[in-house]
file protein_24.tsv (TSV, C-alpha atoms)
chain	number	residue	atom	x	y	z
A	26	MET	CA	-126.80	-34.57	-54.40
A	27	ARG	CA	-129.17	-35.70	-57.05
A	28	PHE	CA	-132.88	-35.65	-57.41
A	29	HIS	CA	-135.00	-37.55	-59.83
A	30	THR	CA	-138.69	-36.78	-60.26
A	31	GLU	CA	-141.29	-38.68	-62.24
A	32	TYR	CA	-144.98	-38.11	-62.69
A	33	HIS	CA	-147.23	-41.04	-63.41
A	34	TYR	CA	-150.87	-40.73	-64.39
A	35	PHE	CA	-153.48	-43.32	-63.58
A	36	ASN	CA	-157.07	-43.55	-64.74
A	37	THR	CA	-159.23	-45.84	-62.69
A	38	LYS	CA	-161.90	-47.93	-64.32
A	39	THR	CA	-164.14	-47.99	-61.29
A	40	LYS	CA	-165.07	-45.35	-58.74
A	41	ARG	CA	-162.66	-46.78	-56.23
A	42	GLU	CA	-159.65	-48.76	-57.26
A	43	LEU	CA	-156.42	-50.09	-55.85
A	44	ILE	CA	-153.54	-49.93	-58.32
A	45	ASN	CA	-150.25	-51.68	-57.65
A	46	ILE	CA	-147.48	-49.23	-58.57
A	47	THR	CA	-144.59	-51.18	-57.04
A	48	SER	CA	-142.91	-51.83	-60.39
A	49	GLN	CA	-143.16	-48.17	-61.45
A	50	VAL	CA	-141.52	-47.10	-58.20
A	51	GLU	CA	-138.82	-49.76	-58.52
A	52	GLU	CA	-138.08	-48.65	-62.09
A	53	ALA	CA	-137.91	-45.00	-61.11
A	54	VAL	CA	-135.51	-45.80	-58.28
A	55	SER	CA	-133.23	-48.00	-60.38
A	56	LYS	CA	-133.31	-45.60	-63.34
A	57	CYS	CA	-131.85	-42.73	-61.33
A	58	SER	CA	-128.84	-44.67	-60.02
A	59	ILE	CA	-129.16	-43.31	-56.51
A	60	LYS	CA	-127.72	-45.86	-54.11
A	61	GLU	CA	-128.75	-44.33	-50.83
A	62	GLY	CA	-131.52	-41.84	-50.38
A	63	MET	CA	-135.23	-41.39	-49.97
A	64	ALA	CA	-138.06	-42.15	-52.34
A	65	LEU	CA	-141.11	-39.98	-51.87
A	66	VAL	CA	-144.16	-41.54	-53.48
A	67	SER	CA	-147.02	-39.12	-53.21
A	68	ALA	CA	-150.57	-39.22	-54.54
A	69	MET	CA	-151.01	-35.79	-56.09
A	70	HIS	CA	-154.77	-35.92	-55.70
A	71	ILE	CA	-156.89	-35.25	-52.66
A	72	THR	CA	-159.11	-38.28	-53.06
A	73	ALA	CA	-156.22	-40.68	-53.61
A	74	GLY	CA	-153.61	-42.16	-51.29
A	75	VAL	CA	-150.49	-44.27	-51.29
A	76	ILE	CA	-150.11	-47.26	-49.01
A	77	VAL	CA	-147.49	-49.95	-48.66
A	78	ASN	CA	-149.10	-53.30	-48.07
A	79	ASP	CA	-149.51	-56.88	-49.18
A	80	HIS	CA	-150.18	-57.53	-52.86
A	81	GLU	CA	-153.00	-59.94	-52.19
A	82	PRO	CA	-156.42	-59.49	-53.83
A	83	GLY	CA	-158.35	-60.67	-50.77
A	84	LEU	CA	-156.67	-58.06	-48.63
A	85	TRP	CA	-157.35	-55.43	-51.25
A	86	GLN	CA	-161.05	-56.17	-50.97
A	87	ASP	CA	-160.81	-56.13	-47.18
A	88	ILE	CA	-159.22	-52.69	-47.36
A	89	ASP	CA	-161.89	-51.51	-49.80
A	90	GLU	CA	-164.71	-52.65	-47.51
A	91	TRP	CA	-162.95	-51.27	-44.46
A	92	VAL	CA	-162.60	-47.74	-45.82
A	93	GLU	CA	-166.27	-47.87	-46.84
A	94	LYS	CA	-167.20	-48.89	-43.31
A	95	LEU	CA	-165.14	-46.19	-41.60
A	96	ALA	CA	-165.88	-43.45	-44.13
A	97	PRO	CA	-169.13	-44.49	-45.80
A	98	PHE	CA	-170.76	-42.83	-48.77
A	99	ARG	CA	-173.51	-40.57	-47.51
A	100	GLU	CA	-175.76	-38.11	-49.26
A	101	ASP	CA	-175.57	-35.51	-46.54
A	102	TYR	CA	-171.92	-34.56	-46.31
A	103	ARG	CA	-171.62	-30.79	-46.12
A	104	HIS	CA	-169.08	-30.97	-48.91
A	105	HIS	CA	-171.90	-32.03	-51.22
A	106	ARG	CA	-173.48	-28.58	-51.00
A	107	THR	CA	-170.79	-27.57	-53.47
A	108	GLY	CA	-172.35	-29.90	-56.02
A	109	GLU	CA	-169.72	-32.59	-55.54
A	110	THR	CA	-170.69	-36.08	-54.41
A	111	ASN	CA	-167.38	-37.43	-53.23
A	112	GLY	CA	-167.27	-36.38	-49.57
A	113	ASP	CA	-166.60	-39.97	-48.59
A	114	ALA	CA	-163.63	-40.17	-50.95
A	115	HIS	CA	-162.00	-37.19	-49.23
A	116	LEU	CA	-162.39	-38.92	-45.87
A	117	LYS	CA	-161.29	-42.30	-47.20
A	118	SER	CA	-158.14	-40.72	-48.59
A	119	LEU	CA	-157.24	-39.61	-45.05
A	120	LEU	CA	-157.27	-43.27	-44.05
A	121	VAL	CA	-154.86	-44.26	-46.80
A	122	HIS	CA	-152.41	-41.41	-46.34
A	123	HIS	CA	-151.02	-39.06	-48.97
B	11	MET	CA	-124.80	-34.37	-48.86
B	12	ARG	CA	-124.66	-37.27	-46.49
B	13	PHE	CA	-126.93	-40.16	-45.80
B	14	HIS	CA	-126.91	-42.46	-42.85
B	15	THR	CA	-129.01	-45.60	-42.77
B	16	GLU	CA	-129.63	-47.98	-39.91
B	17	TYR	CA	-131.76	-51.07	-39.63
B	18	HIS	CA	-133.18	-52.07	-36.29
B	19	TYR	CA	-134.94	-55.34	-35.62
B	20	PHE	CA	-137.64	-55.78	-33.04
B	21	ASN	CA	-139.30	-58.95	-31.82
B	22	THR	CA	-142.55	-58.41	-30.02
B	23	LYS	CA	-143.49	-60.57	-27.09
B	24	THR	CA	-147.21	-60.27	-27.65
B	25	LYS	CA	-149.33	-60.28	-30.78
B	26	ARG	CA	-149.66	-56.51	-30.69
B	27	GLU	CA	-147.12	-54.35	-29.04
B	28	LEU	CA	-146.08	-50.75	-28.84
B	29	ILE	CA	-142.31	-50.27	-28.67
B	30	ASN	CA	-140.77	-46.91	-27.84
B	31	ILE	CA	-137.90	-46.37	-30.29
B	32	THR	CA	-137.25	-42.72	-29.49
B	33	SER	CA	-133.78	-43.34	-28.04
B	34	GLN	CA	-132.72	-45.46	-31.05
B	35	VAL	CA	-133.80	-42.69	-33.41
B	36	GLU	CA	-132.05	-40.04	-31.30
B	37	GLU	CA	-128.84	-42.08	-31.26
B	38	ALA	CA	-128.95	-42.66	-35.00
B	39	VAL	CA	-129.43	-38.96	-35.63
B	40	SER	CA	-126.66	-37.85	-33.27
B	41	LYS	CA	-124.28	-40.56	-34.50
B	42	CYS	CA	-124.35	-39.33	-38.09
B	43	SER	CA	-123.49	-35.70	-37.25
B	44	ILE	CA	-126.03	-34.26	-39.64
B	45	LYS	CA	-127.10	-30.87	-38.32
B	46	GLU	CA	-129.95	-30.11	-40.67
B	47	GLY	CA	-131.83	-32.70	-42.63
B	48	MET	CA	-134.62	-35.23	-42.55
B	49	ALA	CA	-134.96	-38.40	-40.56
B	50	LEU	CA	-137.10	-41.04	-42.18
B	51	VAL	CA	-138.25	-43.65	-39.68
B	52	SER	CA	-140.09	-46.35	-41.52
B	53	ALA	CA	-141.59	-49.64	-40.38
B	54	MET	CA	-140.33	-52.10	-42.96
B	55	HIS	CA	-143.20	-54.46	-42.32
B	56	ILE	CA	-146.75	-54.34	-43.58
B	57	THR	CA	-148.38	-55.08	-40.26
B	58	ALA	CA	-146.32	-52.53	-38.36
B	59	GLY	CA	-146.40	-48.75	-38.21
B	60	VAL	CA	-144.53	-45.79	-36.80
B	61	ILE	CA	-146.28	-43.08	-34.84
B	62	VAL	CA	-145.09	-40.07	-32.92
B	63	ASN	CA	-147.05	-39.65	-29.73
B	64	ASP	CA	-147.01	-39.35	-25.98
B	65	HIS	CA	-144.91	-41.85	-24.03
B	66	GLU	CA	-147.64	-42.59	-21.52
B	67	PRO	CA	-148.75	-46.18	-20.80
B	68	GLY	CA	-152.41	-45.26	-20.39
B	69	LEU	CA	-152.46	-43.68	-23.83
B	70	TRP	CA	-150.70	-46.67	-25.29
B	71	GLN	CA	-153.54	-48.88	-24.04
B	72	ASP	CA	-156.08	-46.40	-25.38
B	73	ILE	CA	-154.41	-46.61	-28.78
B	74	ASP	CA	-154.34	-50.39	-28.61
B	75	GLU	CA	-158.07	-50.58	-27.83
B	76	TRP	CA	-158.85	-47.95	-30.42
B	77	VAL	CA	-157.19	-49.77	-33.31
B	78	GLU	CA	-158.99	-52.96	-32.21
B	79	LYS	CA	-162.29	-51.08	-32.29
B	80	LEU	CA	-161.75	-49.54	-35.73
B	81	ALA	CA	-160.10	-52.58	-37.29
B	82	PRO	CA	-161.26	-55.53	-35.19
B	83	PHE	CA	-160.03	-59.07	-35.45
B	84	ARG	CA	-162.53	-61.04	-37.51
B	85	GLU	CA	-162.50	-64.58	-38.81
B	86	ASP	CA	-163.99	-63.70	-42.15
B	87	TYR	CA	-161.50	-61.31	-43.74
B	88	ARG	CA	-160.96	-62.31	-47.35
B	89	HIS	CA	-157.24	-62.16	-46.69
B	90	HIS	CA	-157.67	-65.21	-44.45
B	91	ARG	CA	-158.45	-67.40	-47.45
B	92	THR	CA	-154.70	-67.37	-48.03
B	93	GLY	CA	-154.24	-69.20	-44.74
B	94	GLU	CA	-153.15	-66.10	-42.87
B	95	THR	CA	-155.08	-64.89	-39.85
B	96	ASN	CA	-153.82	-61.33	-39.56
B	97	GLY	CA	-156.23	-59.37	-41.76
B	98	ASP	CA	-156.94	-57.04	-38.88
B	99	ALA	CA	-153.23	-56.31	-38.43
B	100	HIS	CA	-152.96	-55.16	-42.05
B	101	LEU	CA	-155.85	-52.76	-41.50
B	102	LYS	CA	-154.60	-51.61	-38.11
B	103	SER	CA	-151.24	-50.78	-39.66
B	104	LEU	CA	-153.02	-48.37	-42.02
B	105	LEU	CA	-154.23	-46.49	-38.95
B	106	VAL	CA	-150.73	-46.12	-37.55
B	107	HIS	CA	-149.00	-45.11	-40.76
B	108	HIS	CA	-145.86	-46.57	-42.31
C	5	MET	CA	-127.39	-29.59	-51.26
C	6	ARG	CA	-129.34	-27.06	-49.36
C	7	PHE	CA	-131.76	-27.23	-46.52
C	8	HIS	CA	-134.16	-24.59	-45.36
C	9	THR	CA	-136.06	-24.94	-42.10
C	10	GLU	CA	-138.85	-22.77	-40.74
C	11	TYR	CA	-140.88	-23.02	-37.59
C	12	HIS	CA	-144.39	-21.63	-37.54
C	13	TYR	CA	-146.49	-21.31	-34.42
C	14	PHE	CA	-150.25	-21.48	-34.41
C	15	ASN	CA	-152.67	-20.79	-31.59
C	16	THR	CA	-156.12	-22.16	-32.13
C	17	LYS	CA	-159.15	-20.25	-30.96
C	18	THR	CA	-161.27	-23.34	-30.40
C	19	LYS	CA	-160.48	-26.75	-28.97
C	20	ARG	CA	-160.29	-28.26	-32.42
C	21	GLU	CA	-159.44	-26.21	-35.44
C	22	LEU	CA	-158.40	-26.64	-39.03
C	23	ILE	CA	-155.88	-24.03	-40.17
C	24	ASN	CA	-154.97	-23.61	-43.83
C	25	ILE	CA	-151.19	-23.28	-44.01
C	26	THR	CA	-150.84	-23.61	-47.78
C	27	SER	CA	-149.58	-20.07	-48.26
C	28	GLN	CA	-146.98	-20.41	-45.48
C	29	VAL	CA	-145.66	-23.58	-47.10
C	30	GLU	CA	-145.63	-21.99	-50.55
C	31	GLU	CA	-143.73	-18.99	-49.22
C	32	ALA	CA	-141.20	-21.16	-47.42
C	33	VAL	CA	-140.60	-23.19	-50.57
C	34	SER	CA	-140.24	-20.17	-52.86
C	35	LYS	CA	-138.07	-18.29	-50.34
C	36	CYS	CA	-135.38	-20.98	-50.29
C	37	SER	CA	-134.94	-21.10	-54.07
C	38	ILE	CA	-134.80	-24.89	-54.18
C	39	LYS	CA	-136.02	-26.03	-57.57
C	40	GLU	CA	-136.20	-29.76	-57.00
C	41	GLY	CA	-136.43	-31.39	-53.62
C	42	MET	CA	-138.72	-32.40	-50.83
C	43	ALA	CA	-140.78	-30.30	-48.49
C	44	LEU	CA	-141.44	-31.90	-45.13
C	45	VAL	CA	-144.35	-30.26	-43.36
C	46	SER	CA	-144.65	-31.74	-39.92
C	47	ALA	CA	-146.92	-30.94	-37.00
C	48	MET	CA	-144.53	-30.76	-34.07
C	49	HIS	CA	-147.27	-31.55	-31.59
C	50	ILE	CA	-148.79	-34.89	-30.66
C	51	THR	CA	-152.37	-33.74	-30.80
C	52	ALA	CA	-152.00	-32.01	-34.16
C	53	GLY	CA	-151.67	-33.29	-37.70
C	54	VAL	CA	-151.00	-32.16	-41.24
C	55	ILE	CA	-153.26	-33.16	-44.11
C	56	VAL	CA	-153.42	-32.19	-47.75
C	57	ASN	CA	-157.00	-31.77	-48.85
C	58	ASP	CA	-159.62	-29.53	-50.39
C	59	HIS	CA	-159.88	-25.98	-49.07
C	60	GLU	CA	-163.66	-26.11	-48.74
C	61	PRO	CA	-165.40	-25.19	-45.47
C	62	GLY	CA	-168.08	-27.86	-45.85
C	63	LEU	CA	-165.47	-30.56	-46.16
C	64	TRP	CA	-163.60	-29.15	-43.19
C	65	GLN	CA	-166.72	-29.61	-41.08
C	66	ASP	CA	-167.19	-33.11	-42.49
C	67	ILE	CA	-163.63	-33.95	-41.45
C	68	ASP	CA	-164.20	-32.46	-38.02
C	69	GLU	CA	-167.34	-34.55	-37.46
C	70	TRP	CA	-165.68	-37.61	-38.90
C	71	VAL	CA	-162.71	-37.57	-36.52
C	72	GLU	CA	-165.13	-37.05	-33.63
C	73	LYS	CA	-167.11	-40.08	-34.78
C	74	LEU	CA	-164.08	-42.36	-35.15
C	75	ALA	CA	-162.22	-41.08	-32.10
C	76	PRO	CA	-164.89	-39.58	-29.85
C	77	PHE	CA	-164.33	-37.61	-26.70
C	78	ARG	CA	-164.82	-39.93	-23.75
C	79	GLU	CA	-164.32	-39.46	-20.04
C	80	ASP	CA	-162.84	-42.88	-19.49
C	81	TYR	CA	-159.70	-42.96	-21.59
C	82	ARG	CA	-156.86	-44.42	-19.57
C	83	HIS	CA	-154.77	-41.43	-20.56
C	84	HIS	CA	-157.07	-39.28	-18.42
C	85	ARG	CA	-155.75	-40.90	-15.25
C	86	THR	CA	-152.75	-38.62	-15.73
C	87	GLY	CA	-155.04	-35.65	-15.21
C	88	GLU	CA	-155.21	-34.80	-18.90
C	89	THR	CA	-158.55	-34.76	-20.71
C	90	ASN	CA	-157.43	-34.95	-24.31
C	91	GLY	CA	-157.24	-38.69	-24.97
C	92	ASP	CA	-159.50	-38.24	-27.97
C	93	ALA	CA	-157.17	-35.61	-29.44
C	94	HIS	CA	-154.24	-38.04	-29.35
C	95	LEU	CA	-156.32	-40.60	-31.25
C	96	LYS	CA	-157.72	-38.03	-33.66
C	97	SER	CA	-154.20	-36.90	-34.49
C	98	LEU	CA	-153.42	-40.45	-35.65
C	99	LEU	CA	-156.21	-40.08	-38.20
C	100	VAL	CA	-154.77	-36.89	-39.61
C	101	HIS	CA	-151.15	-37.98	-39.78
C	102	HIS	CA	-148.07	-36.20	-38.46
call {"tool": "encode", "arguments": {"input": "protein_24.tsv", "output": "structure tokens"}}
result
Amino acid sequence: MRFHTEYHYFNTKTKRELINITSQVEEAVSKCSIKEGMALVSAMHITAGVIVNDHEPGLWQDIDEWVEKLAPFREDYRHHRTGETNGDAHLKSLLVHH
Amino acid sequence: MRFHTEYHYFNTKTKRELINITSQVEEAVSKCSIKEGMALVSAMHITAGVIVNDHEPGLWQDIDEWVEKLAPFREDYRHHRTGETNGDAHLKSLLVHH
Amino acid sequence: MRFHTEYHYFNTKTKRELINITSQVEEAVSKCSIKEGMALVSAMHITAGVIVNDHEPGLWQDIDEWVEKLAPFREDYRHHRTGETNGDAHLKSLLVHH
């Protein structure tokens, strides 16, 4: 049984950003020469998520607007009493998994 | 270490449909004689999802109405500029995981 | 290849409760002496879920209010015709994964 682990770091240019990591995942999978197994792709950050979906810019914008609608930015999240301002991002990340 | 992979194909009769695949998963697991391990059940389609929940028709309808409420069909999704008309299905699939 | 499985049981004091199980997961992982692998943490109940997020009480309340907003308690869920009254909990669990 083999395992192969890679860590990739991403810096977004805007507050909220969708990054296509398909090629990185494909490379990692092919690099490790595992023919049958599982690939776990996990966002190691609590305001980020990993989704599998269509690589289509219109849809990306739809998703962006949709998460804002369901988990809007608001001043008055209780989480903001800590000094942070990203309560909405924590909720949005729940919508786009781990 | 053993792996066992199966592909199952489902054709829905209606635009949106909930299919109970519990018995297929159970069979696949028992067939491969793995006593301790992980079963990954993944919807290999970006407008489909896999959930674990109660096998109760009333709940299924509640879930169906709920995803329509949170991710309603709309004409004006940007994704529709591609000619597709299933923007809502892409969003709904986010609600019901991968 | 090794596997290590643990079952933990939790009884909530209130109808809806967020329990921090980070230390239980850490202990389980360190106990089994697996250096590289996957940890599957799964809520074995259809009105419960497992999320990874900030251990901050304000955020926990934000999440609690948020799931109530997106999947509110209602008398008239079809699921309630079975005599149950937790239709909202089934929907809420979809928001917080498996």
call {"tool": "residues_around", "arguments": {"input": "protein_24.tsv", "residues": "range 32-40 of chain B", "least_positions_apart": "2", "cutoff": "9 Å", "atoms": "only C-alpha atoms", "output": "ChimeraX atom specification"}}
result
/B:14-16,18,30,42-45,49,51,62
call {"tool": "write_last_selection", "arguments": {"input": "protein_24.tsv", "atoms": "C-alpha atoms", "output": "PDB file, in the frame of the given file"}}
result
ATOM      1  CA  HIS B  14    -126.910 -42.460 -42.850  1.00  0.00           C
ATOM      2  CA  THR B  15    -129.010 -45.600 -42.770  1.00  0.00           C
ATOM      3  CA  GLU B  16    -129.630 -47.980 -39.910  1.00  0.00           C
ATOM      4  CA  HIS B  18    -133.180 -52.070 -36.290  1.00  0.00           C
ATOM      5  CA  ASN B  30    -140.770 -46.910 -27.840  1.00  0.00           C
ATOM      6  CA  CYS B  42    -124.350 -39.330 -38.090  1.00  0.00           C
ATOM      7  CA  SER B  43    -123.490 -35.700 -37.250  1.00  0.00           C
ATOM      8  CA  ILE B  44    -126.030 -34.260 -39.640  1.00  0.00           C
ATOM      9  CA  LYS B  45    -127.100 -30.870 -38.320  1.00  0.00           C
ATOM     10  CA  ALA B  49    -134.960 -38.400 -40.560  1.00  0.00           C
ATOM     11  CA  VAL B  51    -138.250 -43.650 -39.680  1.00  0.00           C
ATOM     12  CA  VAL B  62    -145.090 -40.070 -32.920  1.00  0.00           C
TER      13      VAL B  62
END
call {"tool": "closest_residue", "arguments": {"input": "protein_24.tsv", "among": "A:Ile44, A:Ala68, A:Leu84, A:Ile76", "to": "Thr95 in chain B", "atoms": "all atoms listed in the file"}}
result
A:Leu84
call {"tool": "interface_residues", "arguments": {"input": "protein_24.tsv", "of": "chain A", "to": "chain C", "cutoff": "10 Å", "atoms": "all atoms listed in the file", "output": "CSV table (one decimal) with C-alpha atoms, in the coordinates of the input"}}
result
chain,number,residue,atom,x,y,z
A,26,MET,CA,-126.8,-34.6,-54.4
A,27,ARG,CA,-129.2,-35.7,-57.0
A,28,PHE,CA,-132.9,-35.6,-57.4
A,29,HIS,CA,-135.0,-37.6,-59.8
A,30,THR,CA,-138.7,-36.8,-60.3
A,63,MET,CA,-135.2,-41.4,-50.0
A,64,ALA,CA,-138.1,-42.2,-52.3
A,65,LEU,CA,-141.1,-40.0,-51.9
A,69,MET,CA,-151.0,-35.8,-56.1
A,70,HIS,CA,-154.8,-35.9,-55.7
A,71,ILE,CA,-156.9,-35.2,-52.7
A,72,THR,CA,-159.1,-38.3,-53.1
A,95,LEU,CA,-165.1,-46.2,-41.6
A,96,ALA,CA,-165.9,-43.4,-44.1
A,101,ASP,CA,-175.6,-35.5,-46.5
A,102,TYR,CA,-171.9,-34.6,-46.3
A,103,ARG,CA,-171.6,-30.8,-46.1
A,104,HIS,CA,-169.1,-31.0,-48.9
A,105,HIS,CA,-171.9,-32.0,-51.2
A,106,ARG,CA,-173.5,-28.6,-51.0
A,107,THR,CA,-170.8,-27.6,-53.5
A,112,GLY,CA,-167.3,-36.4,-49.6
A,113,ASP,CA,-166.6,-40.0,-48.6
A,115,HIS,CA,-162.0,-37.2,-49.2
A,116,LEU,CA,-162.4,-38.9,-45.9
A,118,SER,CA,-158.1,-40.7,-48.6
A,119,LEU,CA,-157.2,-39.6,-45.0
A,120,LEU,CA,-157.3,-43.3,-44.0
A,121,VAL,CA,-154.9,-44.3,-46.8
A,122,HIS,CA,-152.4,-41.4,-46.3
A,123,HIS,CA,-151.0,-39.1,-49.0
call {"tool": "atom_distance", "arguments": {"input": "protein_24.tsv", "atom1": "CA of Glu109 in chain A", "atom2": "CA of Thr39 in chain A"}}
result
17.4 Å
call {"tool": "atom_distance", "arguments": {"input": "protein_24.tsv", "atom1": "CA of Glu78 in chain B", "atom2": "CA of Lys25 in chain B"}}
result
12.2 Å
call {"tool": "atom_distance", "arguments": {"input": "protein_24.tsv", "atom1": "CA of Ser67 in chain A", "atom2": "CA of Phe14 in chain C"}}
result
26.0 Å
call {"tool": "residues_around", "arguments": {"input": "protein_24.tsv", "residues": "Arg41 in chain A", "least_positions_apart": "6", "cutoff": "10 Å", "atoms": "only C-alpha atoms", "output": "ChimeraX atom specification"}}
result
/A:72-73,89,114
